[in-house]
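Q: Below is model08.tsv; it holds TSV, C-alpha atoms.
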chain	number	residue	atom	x	y	z
A	1018	MET	CA	69.13	94.52	68.43
A	1019	GLN	CA	67.06	92.65	71.05
A	1020	LYS	CA	66.68	95.86	73.05
A	1021	LEU	CA	65.54	97.79	70.00
A	1022	SER	CA	63.17	94.98	68.99
A	1023	ALA	CA	61.56	95.26	72.41
A	1024	LEU	CA	61.17	99.02	71.97
A	1025	LEU	CA	59.59	98.44	68.57
A	1026	GLY	CA	57.28	95.74	69.94
A	1027	HIS	CA	58.33	93.15	67.38
A	1028	GLU	CA	60.74	90.21	67.37
A	1029	PHE	CA	62.36	90.01	63.94
A	1030	SER	CA	62.44	86.73	62.06
A	1031	ASP	CA	65.06	88.29	59.78
A	1032	PRO	CA	67.31	90.52	61.95
A	1033	HIS	CA	69.27	91.54	58.85
A	1034	LEU	CA	66.34	93.73	57.83
A	1035	LEU	CA	66.67	95.75	61.03
A	1036	THR	CA	70.44	95.92	60.63
A	1037	GLU	CA	70.07	97.31	57.11
A	1038	ALA	CA	67.51	99.86	58.33
A	1039	LEU	CA	70.02	101.12	60.90
A	1040	THR	CA	73.11	101.20	58.68
A	1041	HIS	CA	74.35	104.62	57.61
A	1042	GLY	CA	76.22	104.96	54.33
A	1043	SER	CA	79.44	105.70	56.21
A	1044	ALA	CA	79.37	102.17	57.69
A	1045	ALA	CA	77.95	100.21	54.76
A	1046	ALA	CA	80.07	97.42	53.33
A	1047	PRO	CA	81.47	97.95	49.81
A	1048	GLY	CA	78.61	97.23	47.44
A	1049	GLY	CA	76.24	96.78	50.38
A	1050	PHE	CA	73.06	98.61	51.19
A	1051	SER	CA	72.43	101.32	53.76
A	1052	TYR	CA	69.07	102.43	55.15
A	1053	GLU	CA	68.16	104.40	52.02
A	1054	ARG	CA	66.28	101.69	50.08
A	1055	LEU	CA	64.19	100.83	53.12
A	1056	GLU	CA	63.56	104.52	53.77
A	1057	PHE	CA	61.92	104.73	50.32
A	1058	LEU	CA	59.48	101.95	51.25
A	1059	GLY	CA	58.93	103.13	54.82
A	1060	ASP	CA	57.74	106.53	53.65
A	1061	ARG	CA	54.96	104.87	51.64
A	1062	VAL	CA	54.00	102.46	54.42
A	1063	LEU	CA	53.75	105.28	56.96
A	1064	SER	CA	51.58	107.25	54.54
A	1065	LEU	CA	49.15	104.36	54.13
A	1066	VAL	CA	48.81	103.57	57.84
A	1067	VAL	CA	48.43	107.21	58.91
A	1068	ALA	CA	45.93	107.92	56.12
A	1069	GLU	CA	43.78	104.96	57.15
A	1070	LEU	CA	44.06	105.90	60.82
A	1071	LEU	CA	42.78	109.40	60.08
A	1072	PHE	CA	40.08	108.14	57.72
A	1073	ARG	CA	38.64	105.86	60.40
A	1074	ASN	CA	38.99	108.25	63.34
A	1075	TYR	CA	37.58	111.39	61.72
A	1076	PRO	CA	34.56	110.20	59.71
A	1077	ASP	CA	32.97	113.67	59.65
A	1078	GLU	CA	35.95	115.55	58.22
A	1079	ASN	CA	36.39	116.33	54.54
A	1080	GLU	CA	39.45	115.65	52.40
A	1081	GLY	CA	41.06	119.02	53.06
A	1082	GLU	CA	40.76	118.66	56.82
A	1083	LEU	CA	42.16	115.13	56.73
A	1084	ALA	CA	45.00	116.31	54.48
A	1085	ARG	CA	46.05	118.95	57.03
A	1086	ARG	CA	46.11	116.38	59.82
A	1087	TYR	CA	48.03	113.98	57.59
A	1088	ALA	CA	50.68	116.57	56.69
A	1089	ALA	CA	51.31	117.32	60.37
A	1090	LEU	CA	51.71	113.64	61.26
A	1091	VAL	CA	54.04	112.50	58.46
A	1092	ARG	CA	56.32	115.55	58.32
A	1093	ARG	CA	59.99	114.88	58.93
A	1094	GLU	CA	59.98	116.79	62.20
A	1095	ALA	CA	57.40	114.37	63.62
A	1096	LEU	CA	59.47	111.38	62.51
A	1097	ALA	CA	62.61	112.84	64.11
A	1098	GLU	CA	60.74	113.50	67.37
A	1099	ILE	CA	59.48	109.91	67.55
A	1100	ALA	CA	62.93	108.55	66.71
A	1101	ALA	CA	64.37	110.62	69.56
A	1102	GLU	CA	61.65	109.44	71.95
A	1103	ILE	CA	62.57	105.77	71.43
A	1104	GLY	CA	66.30	106.51	71.45
A	1105	LEU	CA	66.82	105.36	67.87
A	1106	GLY	CA	69.98	107.39	67.41
A	1107	ALA	CA	71.92	105.16	69.80
A	1108	PHE	CA	71.28	102.14	67.54
A	1109	ILE	CA	72.33	103.68	64.21
A	1110	ILE	CA	75.38	101.96	62.74
A	1111	MET	CA	77.76	104.66	61.47
A	1112	SER	CA	81.42	105.53	61.22
A	1113	ARG	CA	83.20	107.07	64.19
A	1114	SER	CA	83.68	110.34	62.33
A	1115	GLU	CA	79.98	110.52	61.51
A	1116	ALA	CA	79.09	109.92	65.15
A	1117	GLN	CA	81.59	112.53	66.35
A	1118	ALA	CA	80.05	115.04	63.95
A	1119	GLY	CA	76.70	114.62	65.70
A	1120	GLY	CA	75.10	112.15	63.33
A	1121	ARG	CA	73.11	110.42	66.07
A	1122	GLU	CA	71.33	113.68	66.93
A	1123	ASN	CA	70.82	114.86	63.33
A	1124	PRO	CA	67.02	115.32	62.93
A	1125	SER	CA	67.13	114.62	59.20
A	1126	LEU	CA	69.02	111.35	59.68
A	1127	LEU	CA	66.75	110.30	62.56
A	1128	ALA	CA	63.71	110.85	60.35
A	1129	ASP	CA	65.24	108.83	57.51
A	1130	VAL	CA	66.19	105.91	59.75
A	1131	CYS	CA	62.78	105.94	61.41
A	1132	GLU	CA	61.19	105.46	57.98
A	1133	ALA	CA	63.65	102.65	57.23
A	1134	VAL	CA	62.75	100.91	60.49
A	1135	ILE	CA	59.06	101.20	59.57
A	1136	ALA	CA	59.85	99.42	56.29
A	1137	ALA	CA	61.78	96.70	58.13
A	1138	LEU	CA	58.81	96.12	60.45
A	1139	TYR	CA	56.50	95.88	57.45
A	1140	LEU	CA	58.68	93.44	55.51
A	1141	ASP	CA	59.30	91.20	58.53
A	1142	GLY	CA	55.94	91.28	60.28
A	1143	GLY	CA	53.46	92.55	57.73
A	1144	LEU	CA	50.99	95.38	58.05
A	1145	ALA	CA	49.82	94.33	61.52
A	1146	ALA	CA	53.31	94.67	63.03
A	1147	VAL	CA	54.04	98.07	61.52
A	1148	ALA	CA	50.53	99.39	62.20
A	1149	GLY	CA	50.93	98.49	65.87
A	1150	PHE	CA	54.13	100.54	66.08
A	1151	ILE	CA	52.67	103.52	64.23
A	1152	HIS	CA	49.44	103.50	66.25
A	1153	ARG	CA	51.37	103.50	69.54
A	1154	HIS	CA	53.55	106.46	68.62
A	1155	TRP	CA	51.30	108.53	66.35
A	1156	ARG	CA	47.92	108.31	68.10
A	1157	ALA	CA	48.91	110.74	70.86
A	1158	ARG	CA	49.98	113.30	68.27
A	1159	MET	CA	46.78	112.73	66.34
A	1160	ALA	CA	44.72	113.41	69.46
A	1161	ASP	CA	46.63	116.56	70.41
A	1162	THR	CA	44.49	118.78	68.18
A	1163	ARG	CA	40.70	118.80	68.19
A	1164	THR	CA	40.59	120.72	64.93
A	1165	PRO	CA	42.77	120.08	61.86
A	1166	PRO	CA	46.08	121.92	62.33
A	1167	LYS	CA	47.28	124.65	60.02
A	1168	ASP	CA	50.99	125.11	59.65
A	1169	ALA	CA	52.57	128.56	59.46
A	1170	LYS	CA	53.02	128.45	55.68
A	1171	THR	CA	49.35	127.61	55.14
A	1172	THR	CA	48.22	130.36	57.52
A	1173	LEU	CA	50.46	132.93	55.82
A	1174	GLN	CA	49.21	131.91	52.38
A	1175	GLU	CA	45.58	132.23	53.49
A	1176	TRP	CA	46.32	135.65	55.00
A	1177	ALA	CA	47.83	136.87	51.72
A	1178	GLN	CA	45.06	135.45	49.55
A	1179	GLY	CA	42.38	136.87	51.84
A	1180	ARG	CA	43.71	140.37	51.18
A	1181	GLY	CA	44.27	139.99	47.45
A	1182	PHE	CA	48.07	139.85	47.73
A	1183	PRO	CA	50.28	137.53	45.64
A	1184	LEU	CA	51.37	134.28	47.25
A	1185	PRO	CA	54.27	134.53	49.74
A	1186	VAL	CA	57.72	134.30	48.17
A	1187	TYR	CA	60.38	132.11	49.79
A	1188	ARG	CA	64.08	132.48	48.95
A	1189	ILE	CA	67.14	130.55	50.13
A	1190	ALA	CA	69.36	133.19	51.73
A	1191	GLY	CA	72.08	130.81	52.89
A	1192	ARG	CA	73.16	127.24	53.52
A	1193	GLU	CA	75.82	126.29	56.03
A	1194	GLY	CA	77.25	123.18	57.63
A	1195	PRO	CA	78.25	119.76	56.26
A	1196	ASP	CA	75.99	117.66	54.04
A	1197	HIS	CA	74.91	115.43	56.92
A	1198	ALA	CA	73.89	118.41	59.10
A	1199	PRO	CA	73.00	121.39	56.92
A	1200	GLN	CA	71.51	124.64	58.21
A	1201	PHE	CA	69.25	126.52	55.80
A	1202	THR	CA	68.41	130.22	56.03
A	1203	ILE	CA	65.17	131.22	54.31
A	1204	GLU	CA	63.68	134.65	53.66
A	1205	VAL	CA	59.95	135.10	53.09
A	1206	SER	CA	58.07	138.19	51.96
A	1207	ALA	CA	54.33	138.68	51.62
A	1208	GLY	CA	51.85	141.49	51.07
A	1209	ASN	CA	52.66	144.91	52.45
A	1210	VAL	CA	54.47	143.72	55.57
A	1211	GLY	CA	57.79	145.26	54.60
A	1212	ALA	CA	61.19	143.61	54.99
A	1213	PRO	CA	61.33	139.82	54.61
A	1214	ALA	CA	61.27	137.61	57.70
A	1215	ILE	CA	64.08	135.12	58.23
A	1216	GLY	CA	63.95	131.51	59.43
A	1217	LYS	CA	66.59	128.85	59.97
A	1218	GLY	CA	66.29	125.07	60.12
A	1219	PRO	CA	67.94	121.73	59.27
A	1220	THR	CA	65.82	121.40	56.10
A	1221	ARG	CA	64.48	123.92	53.63
A	1222	ARG	CA	60.92	123.05	54.61
A	1223	ALA	CA	61.61	123.52	58.32
A	1224	ALA	CA	63.33	126.86	57.70
A	1225	GLU	CA	60.38	128.02	55.57
A	1226	GLN	CA	58.00	127.21	58.44
A	1227	VAL	CA	60.14	129.20	60.89
A	1228	ALA	CA	60.29	132.15	58.49
A	1229	ALA	CA	56.52	132.06	57.91
A	1230	ALA	CA	55.89	131.95	61.68
A	1231	ALA	CA	58.20	134.95	62.16
A	1232	LEU	CA	56.33	136.95	59.51
A	1233	LEU	CA	52.97	136.01	61.04
A	1234	ALA	CA	54.22	137.18	64.43
A	1235	ARG	CA	55.10	140.52	62.86
A	1236	ILE	CA	51.67	140.77	61.25
A	1237	GLY	CA	50.03	140.15	64.62
A	1238	ASP	CA	46.83	138.42	65.61
A	1239	ASP	CA	44.69	141.55	65.23
A	1240	GLU	CA	45.54	142.10	61.58
A	1241	ARG	CA	45.09	138.39	60.77
Step by step, read the file and then write its structure as structure tokens.

A:
Amino acid sequence: MQKLSALLGHEFSDPHLLTEALTHGSAAAPGGFSYERLEFLGDRVLSLVVAELLFRNYPDENEGELARRYAALVRREALAEIAAEIGLGAFIIMSRSEAQAGGRENPSLLADVCEAVIAALYLDGGLAAVAGFIHRHWRARMADTRTPPKDAKTTLQEWAQGRGFPLPVYRIAGREGPDHAPQFTIEVSAGNVGAPAIGKGPTRRAAEQVAAAALLARIGDDER
């Protein structure tokens, strides 16, 4: 816990908060809590800090532009990437079977625990402590794009609307794997492109983005 506290840049007055944030349901005591309650709070804290960070750093951008930046920064993939960067998976408290099944590398679990850790930082050290952590790890991502990013789904929707087509249609074509590490297969169709494009990912949202990117690649830059 001391090593993780150093990585987070905060010494906990109540270490039990950090322990709860790291505890998977498979290792929770009977009647005890896992990370899930803290994850609920952490999601809201992250939203507030990132929204304020964008508001202050991009004073000339409108709401829509800020919203696109915000969506890119708080998406689960970004949380999982940051969790992996600080090695959070090694600190998660879980059953041996969960660990053997790849739980420590599960992007969805890493994102959830990262949000729980954010909540623990907030409850123990207040807004200053959690804002310091978020600023350190999110600022670089915020600065990566000079213009507000557009994800593949947004770009595909704008392409369809610009040509008078109905909105793209996404359909779950399959779901494999255990509950802790699912793999979704999504099909998307749009306009007059022809056969649906297929995308796979650990969440439905991620698979939809992959499918949309595949369809955009088929459409080609010239037609867009």

Q: Mind checking which residues fall within 8 Å of stretch 1064-1068 of chain A, counting all atoms listed in the file, ignoring those fewer than 3 positions away in the same chain, and posting them as a PyMOL selection string?

A: chain A and resi 1060-1061+1071-1072+1087+1090-1091+1148+1151

Q: Taking all atoms of stretch 1170-1182 of chain A that appear in the file, build a box with edges along x, y and z, extend it by 4 Å on every side, and state its centre and edge lengths in Å to one decimal, as AutoDock Vina command-line options.

A:
--center_x 47.7 --center_y 134.0 --center_z 52.5 --size_x 18.6 --size_y 20.8 --size_z 18.1

Q: If we count all atoms listed in the file and set the cut-off at 12 Å, which residues sit around A:Gly1049, ignoring sequence neighbours fewer than 6 positions away in its own chain? Please answer as a PyMOL selection string.

A: chain A and resi 1036-1037+1040-1043

Q: State, in Å with one decimal place, the distance from atom CA of A:Ser1206 to atom CA of A:Glu1175.

A: 13.9 Å

Q: May I have the protein, DNA and RNA residues with any atom at most 8 Å from the point (63.3, 90.6, 61.3), counting all atoms listed in the file, written as a PyMOL selection string?

A: chain A and resi 1028-1035+1137-1138+1140-1142

Q: Report, in Å with one decimal, the straight-line distance from atom CA of A:Ser1114 to atom CA of A:Leu1127.

A: 16.9 Å

Q: Using Å and a single decimal, report how far atom CA of A:Ala1038 sits from atom CA of A:Val1134.

A: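 Separation of atom CA of A:Val1134 and atom CA of A:Ala1038: 5.3 Å.
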
Q: Using only C-alpha atoms, which residues sit within 10 Å of stretch 1181-1188 of chain A once same-chain residues fewer than 4 positions away are excluded, as a PyMOL selection string?

A: chain A and resi 1170+1173-1177+1202-1209+1213-1215+1221+1224-1225+1228-1229

Q: At a cut-off of 8 Å around the point (51.6, 134.0, 61.1) (file coordinates), what residues fall inside when counting all atoms listed in the file? I'd like the answer as a PyMOL selection string.

A: chain A and resi 1169-1170+1172-1173+1229-1238+1241

Q: Since we have the selection now, will you write its residues out, keeping C-alpha atoms, as a compact mmCIF listing (two decimals), in the frame of the given file?

A:
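selection_21.txt was written with the following content:
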# COMPACT_ATOMS: atom_id res chain seq x y z
CA ALA A 1169 52.57 128.56 59.46
CA LYS A 1170 53.02 128.45 55.68
CA THR A 1172 48.22 130.36 57.52
CA LEU A 1173 50.46 132.93 55.82
CA ALA A 1229 56.52 132.06 57.91
CA ALA A 1230 55.89 131.95 61.68
CA ALA A 1231 58.20 134.95 62.16
CA LEU A 1232 56.33 136.95 59.51
CA LEU A 1233 52.97 136.01 61.04
CA ALA A 1234 54.22 137.18 64.43
CA ARG A 1235 55.10 140.52 62.86
CA ILE A 1236 51.67 140.77 61.25
CA GLY A 1237 50.03 140.15 64.62
CA ASP A 1238 46.83 138.42 65.61
CA ARG A 1241 45.09 138.39 60.77

Q: Would you kindly return, as a ChimeraX atom specification, each protein, DNA or RNA residue with an atom no farther than 12 Å from any atom of A:Pro1199, considering only C-alpha atoms and excluding same-chain residues fewer than 2 positions away?

A: /A:1118-1120,1123-1126,1191-1197,1201-1202,1217-1221,1223-1224

Q: Choose the residue, out of A:Ala1116, A:Val1130, A:Ala1089, A:Leu1021, that has the smallest atom-to-atom separation from A:Ser1051; count all atoms listed in the file.

A: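 Between A:Ala1116, A:Val1130, A:Ala1089, A:Leu1021, the residue approaching A:Ser1051 most closely is A:Val1130.
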
Q: Counting all atoms listed in the file, which of A:Arg1222, A:His1154, A:Arg1121, A:Arg1085 gets nearest to A:Ile1135?

A: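 Using all atoms listed in the file, the shortest distance to A:Ile1135 belongs to A:His1154.
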
Q: From the options A:Ile1103, A:Leu1070, A:Leu1063, A:Ala1084, which residue's atoms come nearest to A:Lys1020, counting only C-alpha atoms?

A: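 That would be A:Ile1103, the residue with the smallest distance to A:Lys1020.
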